[in-house]
Every structure is written in C-alpha cells, then in structure tokens.
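One structure is given here, and the rest of the page talks about it.
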Amino acid sequence: MAALEILKDIYWVGGVDWNIRDFHGYSTDRGTSYNAYLVKDEKIALFDTVKKEFKNDLLHNLRQVIEPEKIDYIVINHVEMDHSGSLPEIIELIKPEKIFCSPMGKKALLEHFHREDWPYEVVATGDSISLGKRTVRFLETKMLHWPDSMFSYLPEDKLLISSDAFGHHWATSERFDDEVDPNELMVHSAKYYANILMIFSPIVRKLLAQVQELGLEIEMIAPDHGVIWRENPGKIIEAYDRWSRGETTDKAVIIYDSMWHSTEKMARAVMNGLQKSGISHVKLLHARKNHRSDIITEVLDAKAIILGSPTLNNNLMPAMADVLTYMKGLRPKGKIGAAFGSFGWSGEAVKQLNSYLGEMGIEPLDPGVKIKNVPDHDALKGCVELGEKIAQAMKGS
Ligand code: FEO
C-alpha cells in the first residue's frame with residue numbers, strides 16, 4: 001500500500017496486514033491494517049506507528065512524502081504493540097524533538113520500552129499544540145480501550161484521529177468508507193465493538209456525550225485500524241451510540257456444544273419453540289464450529305442468550321467454558337438467558353451454565369432443562385416449551 005493523501009498535507013502512511021488470522025484470540029479472518037498518519041506543516045508530526053513487522057512499510061510510505069528524519073513530533077495515541085512495536089526503531093531513526101502522549105501513555109511507554117531518555121511531552125484532555133497552520137487538540141479516552149488511549153483532533157481539518165475507537169479489523173486496498181461494501185464495513189465494525197469495546201460501553205457513552213459537549217465538528221474519522229470514515233463519520237458514531245446503549249433486536253442466540261447429538265437435538269427443539277412463538281431470527285451456534293469472537297458478535301445485539309452443554313467429567317464442555325469465560329469478560333448487558341443440556345449420570349452442566357449467566361448479571365429465566373442420555377420426542381417438548389417461554393419474555397421486554 002502506498003502513502004495516500006487523505007486531506008491536504010495529511011497522509012495515511014500505515015501498513016496493511018493481509019495475513020493475520022488471530023489477533024490475540026480475536027479471529028481476524030479478513031486481516032487488518034495498522035494505520036499511521038503524517039501531517040506536514042511547519043512542524044511535521046507522525047500520529048502513531050505500526051506493528052514491529054510493518055516498520056519497513058511505514059518507512060517506505062513516509063519516504064514517499066518526506067525523509068523520515070524531518071519528522072519533528074511523534075504523537076502516541078495508544079501504546080498497544082500493534083501501534084508501537086516499531087517505535088524504538090522509528091525513534092532511533094527519526095530522533096524526534098518531542099513525543100506527545102497522555103500521562104498514562106508515558107507510564108505505559110516506560111513499562112513497555114524502558115526508555116527514560118525519550119523526549120516525552122505529556123498532554124491531557126484540553127491541551128493543544130500548534131503545528132503551524134494547524135492545531136492538535138488532545139482528548140484522553142481512558143479505557144477505550146487502554147488507560148493510555150487518547151484522541152487527537154485537528155480542528156482546522158475537522159479531522160479526528162481516533163486510535164482504536166471506530167476501527168475494524170479488515171485488510172483492504174481501499175482506504176475510505178465510500179470505497180468499500182457498506183454492509184461488510186458495518187459487520188467488521190460490529191465485530192470490533194463486540195470483541196474490544198463492549199465491556200467499556202458505559203465509558204463509550206460518557207465519551208460520546210463529551211464529544212458532543214465539546215462541540216467537536218467531525219468531518220473525517222481516521223482510526224488506527226481499517227478504513228477512514230470520510231463519507232459518513234456520523235454512521236459509526238450512531239452505531240456506537242446504539243451498541244453502547246445495549247440496543248437489541250428480536251434475535252435469540254443459542255450457543256451449545258454436544259457429544260453425541262443429544263444436546264444438539266435439545267438446541268434445535270429450543271429453536272423450534274422460539275420460532276413457533278414468532279421469533280424468526282435465531283442463531284444456532286456450535287461452540288466448536290464457530291469462533292468465540294464471531295459468537296460474541298452475534299451476542300452484541302441479541303435479546304436472548306440460551307446456553308446448552310452436556311456434562312463432561314462433572315463439568316461443561318471445554319469449548320463452552322472458553323466461550324463463556326470470554327463472554328463474561330466482555331459483560332453483555334440486558335439479555336434474557338436460559339440453559340439446557342443432556343447428561344449421562346451426574347448432570348452438573350446446566351447448573352454451571354446458570355452460574356455463568358448469573359455472573360454476567362443475567363437472571364436465568366428458568367431452572368433449565370436437563371435430559372438424561374438421548375431425548376425422545378416427549379422429552380424434547382420441555383425444550384420446545386423453554387423456547388416458547390423465552391419468546392414470550394422477549395416480546396414482553
Ligand atoms: Fe489496535 Fe489497542 O491496539
């Protein structure tokens with residue numbers, strides 16, 4: 001990918017990672033990009049860098065615009081290694097006059113790179129610097145999604161450089177929202193929100209309110225992953241508003257695992273009950289056949305989460321424990337929940353599934369349905385009834 005001028009004298013200079021498929025446990029099945037931005041003014045500033053392996057892409061792109069040694073400032077909006085891995089070598093080459101970061105950013109930089117000698121300039125919300133014709137205003141966005149995270153806002157260009165926020169993992173040759181499939185763009189954006197930001201939804205709400213209070217005019221959002229919002233930055237802000245409010249649709253998600261298809265039959269019977277009672281949008285997700293990060297994406301706007309597992313050695317199936325540990329950490333809110341499962345002799349799984357629901361703040365709708373060994377037609381009626389009961393609760397919520 002070549003450097004690209006996104007606004008006058010402002011360039012995308014990042015790297016596109018077409019081949020990454022696992023981003024610390026998040027399935028990036030369409031790759032990602034590590035975006036960095038160069039602003040040419042009386043002072044030349046680089047906003048964020050790239051993952052260590054993409055250092056040469058960054059340097060190649062920078063050299064299409066200027067000699068990297070001419071860069072005066074580096075702004076570190078976020079210290080996570082996908083944006084800072086190349087930083088030591090870039091600093092060594094550029095020898096910047098100043099490195100701007102938030103207070104927590106300085107702490108994180110020291111803890112990651114152990115360099116007391118770098119020329120840190122700590123900035124906080126409300127601080128601004130001049131690049132010449134342009135100003136950069138800083139807005140700390142603590143815990144979105146790290147303590148160090150911040151936005152850089154360029155008022156003269158109405159440009160928000162938003163770090164991880166409003167991003168998505170999607171490798172593309174296009175750089176703007178109006179150049180890609182809009183539906184696919186929102187699918188990747190929802191997946192990103194569900195997997196990275198859902199836990200921080202209350203903080204997202206405060207930040208959206210703060211951006212409104214500050215009256216920031218935003219005509220372009222340049223995130224650190226994925227395409228730049230040029231045509232319609234309001235679309236992703238509205239989506240963050242919906243997702244952070246926990247807005248749901250009439251969708252039920254059944255997440256299950258099965259050993260010899262008994263729990264699978266129960267899952268299908270629960271689905272039949274939901275559909276008989278008018279819930280047409282049901283996702284049946286086998287925990288070993290769907291990646292945890294795709295499952296959590298379906299959970300984002302689901303009204304009901306129904307969990308199924310057989311009992312294996314007095315426990316849940318391991319894939320269910322994996323998904324539920326991940327889900328519990330991301331704290332989905334305002335869902336209806338229930339559980340079911342087959343068993344051979346002890347049958348602890350349903351109780352354990354209910355415990356997971358409780359830990360997520362979801363009161364199970366029902367004690368849950370347990371069936372010994374292989375269910376017959378009559379036994380499955382209990383699952384159909386569970387589906388009907390969940391459907392009624394969904395309609396009443
Ligand atoms: Fe894209 Fe939190 O790093």
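Letters A, B, ... go to the chains of the structure tokens in the order shown; residues in each chain start at 1; ligands are counted from 1 in the same order.
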
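Excluding region 163-176 of chain A itself and same-chain residues fewer than 4 positions from it, the residues having an atom within 6 Å of it are Val16, Trp18, Arg30, Gly31, Thr32, Ser33, Asn77, His188, Ser189, Tyr192, Pro223, Asp224, His225, Gly226, Val227 and Ile228 of chain A, counting only C-alpha atoms.
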
Inset, instruction - Please check which protein, DNA or RNA residues sit within 7 Å of ligand 1, counting only C-alpha atoms and all ligand atoms, and write them as a list in words. - result: His78, Glu80, Met81, Asp82, His83, His145, Trp146, Asp164, Asp224 and His225 of chain A

Inset, instruction - Pick out the closest residue to Tyr240 (chain A) from this set: A:Leu38, A:Ala209, A:Leu59, A:Val123. Count only C-alpha atoms. - result: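 Of all the options, A:Ala209 lies closest to Tyr240 (chain A).
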
Inset, instruction - Considering only C-alpha atoms, return as a VMD selection string whatever protein or nucleic-acid residues lie within 10 Å of region 308-315 of chain A, sequence-local ones (same chain, fewer than 5 positions apart) excluded. - result: chain A and resid 254 to 264 266 to 267 270 286 to 287 320 to 321 338 to 353 368 to 373

With N, CA, C and O atoms retained, could you export that selection as a short mmCIF file (atom, residue, chain, number, x, y, z; two decimals), in the first residue's frame?
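Contents of part_19.cif, freshly written:
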```cif
data_model
loop_
_atom_site.label_atom_id
_atom_site.label_comp_id
_atom_site.auth_asym_id
_atom_site.auth_seq_id
_atom_site.Cartn_x
_atom_site.Cartn_y
_atom_site.Cartn_z
N ILE A 254 -28.52 -19.20 20.33
CA ILE A 254 -28.37 -20.45 21.08
C ILE A 254 -26.92 -20.92 20.91
O ILE A 254 -26.49 -21.18 19.78
N ILE A 255 -26.19 -20.95 22.00
CA ILE A 255 -24.77 -21.34 21.95
C ILE A 255 -24.67 -22.69 22.66
O ILE A 255 -25.10 -22.82 23.82
N TYR A 256 -24.13 -23.69 21.99
CA TYR A 256 -24.14 -25.02 22.60
C TYR A 256 -22.94 -25.84 22.14
O TYR A 256 -22.26 -25.51 21.16
N ASP A 257 -22.71 -26.92 22.86
CA ASP A 257 -21.81 -27.97 22.38
C ASP A 257 -22.53 -29.29 22.62
O ASP A 257 -23.52 -29.35 23.36
N SER A 258 -22.07 -30.34 21.98
CA SER A 258 -22.76 -31.62 22.06
C SER A 258 -21.75 -32.74 21.89
O SER A 258 -20.75 -32.56 21.18
N MET A 259 -21.98 -33.88 22.55
CA MET A 259 -21.06 -35.01 22.40
C MET A 259 -21.61 -36.03 21.40
O MET A 259 -20.97 -36.40 20.44
N TRP A 260 -22.83 -36.49 21.64
CA TRP A 260 -23.46 -37.49 20.75
C TRP A 260 -24.81 -36.98 20.26
O TRP A 260 -25.75 -37.74 20.11
N HIS A 261 -24.90 -35.69 20.04
CA HIS A 261 -26.05 -35.02 19.40
C HIS A 261 -27.29 -34.86 20.29
O HIS A 261 -28.29 -34.32 19.82
N SER A 262 -27.25 -35.32 21.55
CA SER A 262 -28.44 -35.14 22.39
C SER A 262 -28.66 -33.66 22.70
O SER A 262 -29.77 -33.13 22.52
N THR A 263 -27.60 -32.96 23.14
CA THR A 263 -27.76 -31.53 23.43
C THR A 263 -28.05 -30.76 22.15
O THR A 263 -28.78 -29.76 22.16
N GLU A 264 -27.52 -31.26 21.04
CA GLU A 264 -27.82 -30.61 19.75
C GLU A 264 -29.32 -30.72 19.42
O GLU A 264 -29.94 -29.75 18.97
N MET A 266 -31.64 -30.96 21.59
CA MET A 266 -32.31 -30.03 22.51
C MET A 266 -32.21 -28.59 21.98
O MET A 266 -33.19 -27.84 22.03
N ALA A 267 -31.05 -28.24 21.43
CA ALA A 267 -30.87 -26.89 20.89
C ALA A 267 -31.86 -26.62 19.76
O ALA A 267 -32.48 -25.56 19.69
N VAL A 270 -35.34 -26.12 21.22
CA VAL A 270 -35.49 -24.76 21.78
C VAL A 270 -35.73 -23.78 20.64
O VAL A 270 -36.61 -22.90 20.71
N HIS A 286 -22.76 -23.62 17.29
CA HIS A 286 -21.99 -24.70 17.93
C HIS A 286 -20.66 -24.10 18.41
O HIS A 286 -19.93 -23.50 17.62
N ALA A 287 -20.34 -24.31 19.67
CA ALA A 287 -19.18 -23.64 20.25
C ALA A 287 -17.85 -24.12 19.67
O ALA A 287 -16.85 -23.41 19.75
N MET A 320 -17.46 -24.65 25.64
CA MET A 320 -18.45 -23.74 26.25
C MET A 320 -17.79 -22.88 27.33
O MET A 320 -18.08 -21.69 27.45
N ALA A 321 -16.90 -23.51 28.11
CA ALA A 321 -16.21 -22.73 29.15
C ALA A 321 -15.35 -21.64 28.50
O ALA A 321 -15.27 -20.51 29.02
N ALA A 338 -31.15 -18.41 29.45
CA ALA A 338 -31.64 -19.71 29.92
C ALA A 338 -30.63 -20.77 29.51
O ALA A 338 -29.72 -20.50 28.72
N ALA A 339 -30.79 -21.99 30.09
CA ALA A 339 -29.80 -23.04 29.83
C ALA A 339 -30.49 -24.40 29.69
O ALA A 339 -31.60 -24.61 30.16
N PHE A 340 -29.79 -25.31 29.05
CA PHE A 340 -30.28 -26.68 28.87
C PHE A 340 -29.07 -27.59 28.65
O PHE A 340 -27.96 -27.12 28.37
N GLY A 341 -29.30 -28.91 28.77
CA GLY A 341 -28.20 -29.83 28.49
C GLY A 341 -28.56 -31.27 28.79
O GLY A 341 -29.42 -31.55 29.65
N SER A 342 -27.93 -32.17 28.10
CA SER A 342 -28.12 -33.60 28.35
C SER A 342 -27.02 -34.08 29.29
O SER A 342 -26.02 -33.40 29.50
N PHE A 343 -27.22 -35.27 29.86
CA PHE A 343 -26.19 -35.81 30.75
C PHE A 343 -26.31 -37.33 30.79
O PHE A 343 -27.33 -37.91 30.39
N GLY A 344 -25.26 -37.97 31.26
CA GLY A 344 -25.25 -39.43 31.36
C GLY A 344 -25.53 -39.89 32.78
O GLY A 344 -26.38 -40.74 33.01
N TRP A 345 -24.83 -39.33 33.77
CA TRP A 345 -25.07 -39.78 35.15
C TRP A 345 -25.05 -38.67 36.19
O TRP A 345 -25.80 -38.70 37.14
N SER A 346 -24.22 -37.61 36.04
CA SER A 346 -24.20 -36.61 37.13
C SER A 346 -24.96 -35.33 36.76
O SER A 346 -25.78 -34.87 37.53
N GLY A 347 -24.69 -34.74 35.61
CA GLY A 347 -25.52 -33.65 35.10
C GLY A 347 -25.35 -32.29 35.74
O GLY A 347 -26.32 -31.58 35.99
N GLU A 348 -24.09 -31.87 35.97
CA GLU A 348 -23.87 -30.55 36.59
C GLU A 348 -23.92 -29.38 35.60
O GLU A 348 -23.96 -28.22 36.00
N ALA A 349 -23.86 -29.67 34.31
CA ALA A 349 -23.62 -28.61 33.32
C ALA A 349 -24.67 -27.49 33.36
O ALA A 349 -24.32 -26.30 33.30
N VAL A 350 -25.94 -27.84 33.47
CA VAL A 350 -26.98 -26.80 33.41
C VAL A 350 -26.82 -25.83 34.58
O VAL A 350 -26.91 -24.61 34.40
N LYS A 351 -26.54 -26.39 35.75
CA LYS A 351 -26.32 -25.52 36.92
C LYS A 351 -25.12 -24.59 36.66
O LYS A 351 -25.16 -23.40 36.98
N GLN A 352 -24.09 -25.14 36.07
CA GLN A 352 -22.90 -24.31 35.82
C GLN A 352 -23.19 -23.24 34.75
O GLN A 352 -22.70 -22.11 34.85
N LEU A 353 -24.00 -23.60 33.75
CA LEU A 353 -24.37 -22.59 32.74
C LEU A 353 -25.17 -21.47 33.40
O LEU A 353 -24.96 -20.28 33.11
N GLY A 368 -33.91 -24.38 33.95
CA GLY A 368 -33.20 -25.03 32.84
C GLY A 368 -33.71 -26.43 32.60
O GLY A 368 -34.31 -27.05 33.48
N VAL A 369 -33.49 -26.93 31.40
CA VAL A 369 -33.98 -28.26 31.02
C VAL A 369 -32.81 -29.23 30.98
O VAL A 369 -31.80 -28.97 30.31
N LYS A 370 -32.96 -30.36 31.71
CA LYS A 370 -31.93 -31.41 31.71
C LYS A 370 -32.57 -32.70 31.19
O LYS A 370 -33.67 -33.05 31.59
N ILE A 371 -31.88 -33.38 30.32
CA ILE A 371 -32.40 -34.66 29.80
C ILE A 371 -31.30 -35.71 29.91
O ILE A 371 -30.16 -35.48 29.52
N LYS A 372 -31.70 -36.88 30.44
CA LYS A 372 -30.72 -37.97 30.62
C LYS A 372 -30.54 -38.73 29.32
O LYS A 372 -31.53 -39.10 28.66
N ASN A 373 -29.31 -38.91 28.94
CA ASN A 373 -28.93 -39.63 27.72
C ASN A 373 -29.63 -39.08 26.47
O ASN A 373 -29.54 -37.89 26.23
#
```

Legend entry - All residues 6 Å or closer to region 94-109 of chain A, only C-alpha atoms, same chain fewer than 3 positions away omitted, as number ranges by chain: A: 68-69, 72-76, 90-91, 112-113, 119-124, 148

Store the residues picked out above, limited to C-alpha atoms, as a compact mmCIF listing (two decimals), in the first residue's frame.
```txt
# COMPACT_ATOMS: atom_id res chain seq x y z
CA PRO A 68 11.58 10.41 7.95
CA GLU A 69 14.41 12.27 9.70
CA ASP A 72 9.59 16.73 14.43
CA TYR A 73 6.91 15.16 16.59
CA ILE A 74 5.50 11.71 17.22
CA VAL A 75 2.06 11.55 18.81
CA ILE A 76 1.34 8.28 20.59
CA ILE A 90 11.46 4.62 14.40
CA ILE A 91 12.58 6.89 17.26
CA HIS A 112 6.92 -1.38 27.54
CA PHE A 113 10.21 0.05 26.29
CA PRO A 119 11.69 13.25 24.80
CA TYR A 120 8.24 12.74 26.33
CA GLU A 121 5.76 15.63 26.42
CA VAL A 122 2.77 14.66 28.49
CA VAL A 123 -0.56 16.09 27.35
CA ALA A 124 -4.01 15.78 28.90
CA ASP A 148 -3.37 5.43 27.94
```

Inset, instruction - Go ahead and compute the interatomic distance for CA of Arg242 (chain A) and CA of Ile336 (chain A), in Å to one decimal. - result: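 Computed distance, CA of Arg242 (chain A) to CA of Ile336 (chain A), equals 18.3 Å.
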
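Residue nearest Leu139 (chain A), chosen from A:Glu247, A:Asp127, A:Asp22, A:Glu116 and counting only C-alpha atoms: A:Asp127.
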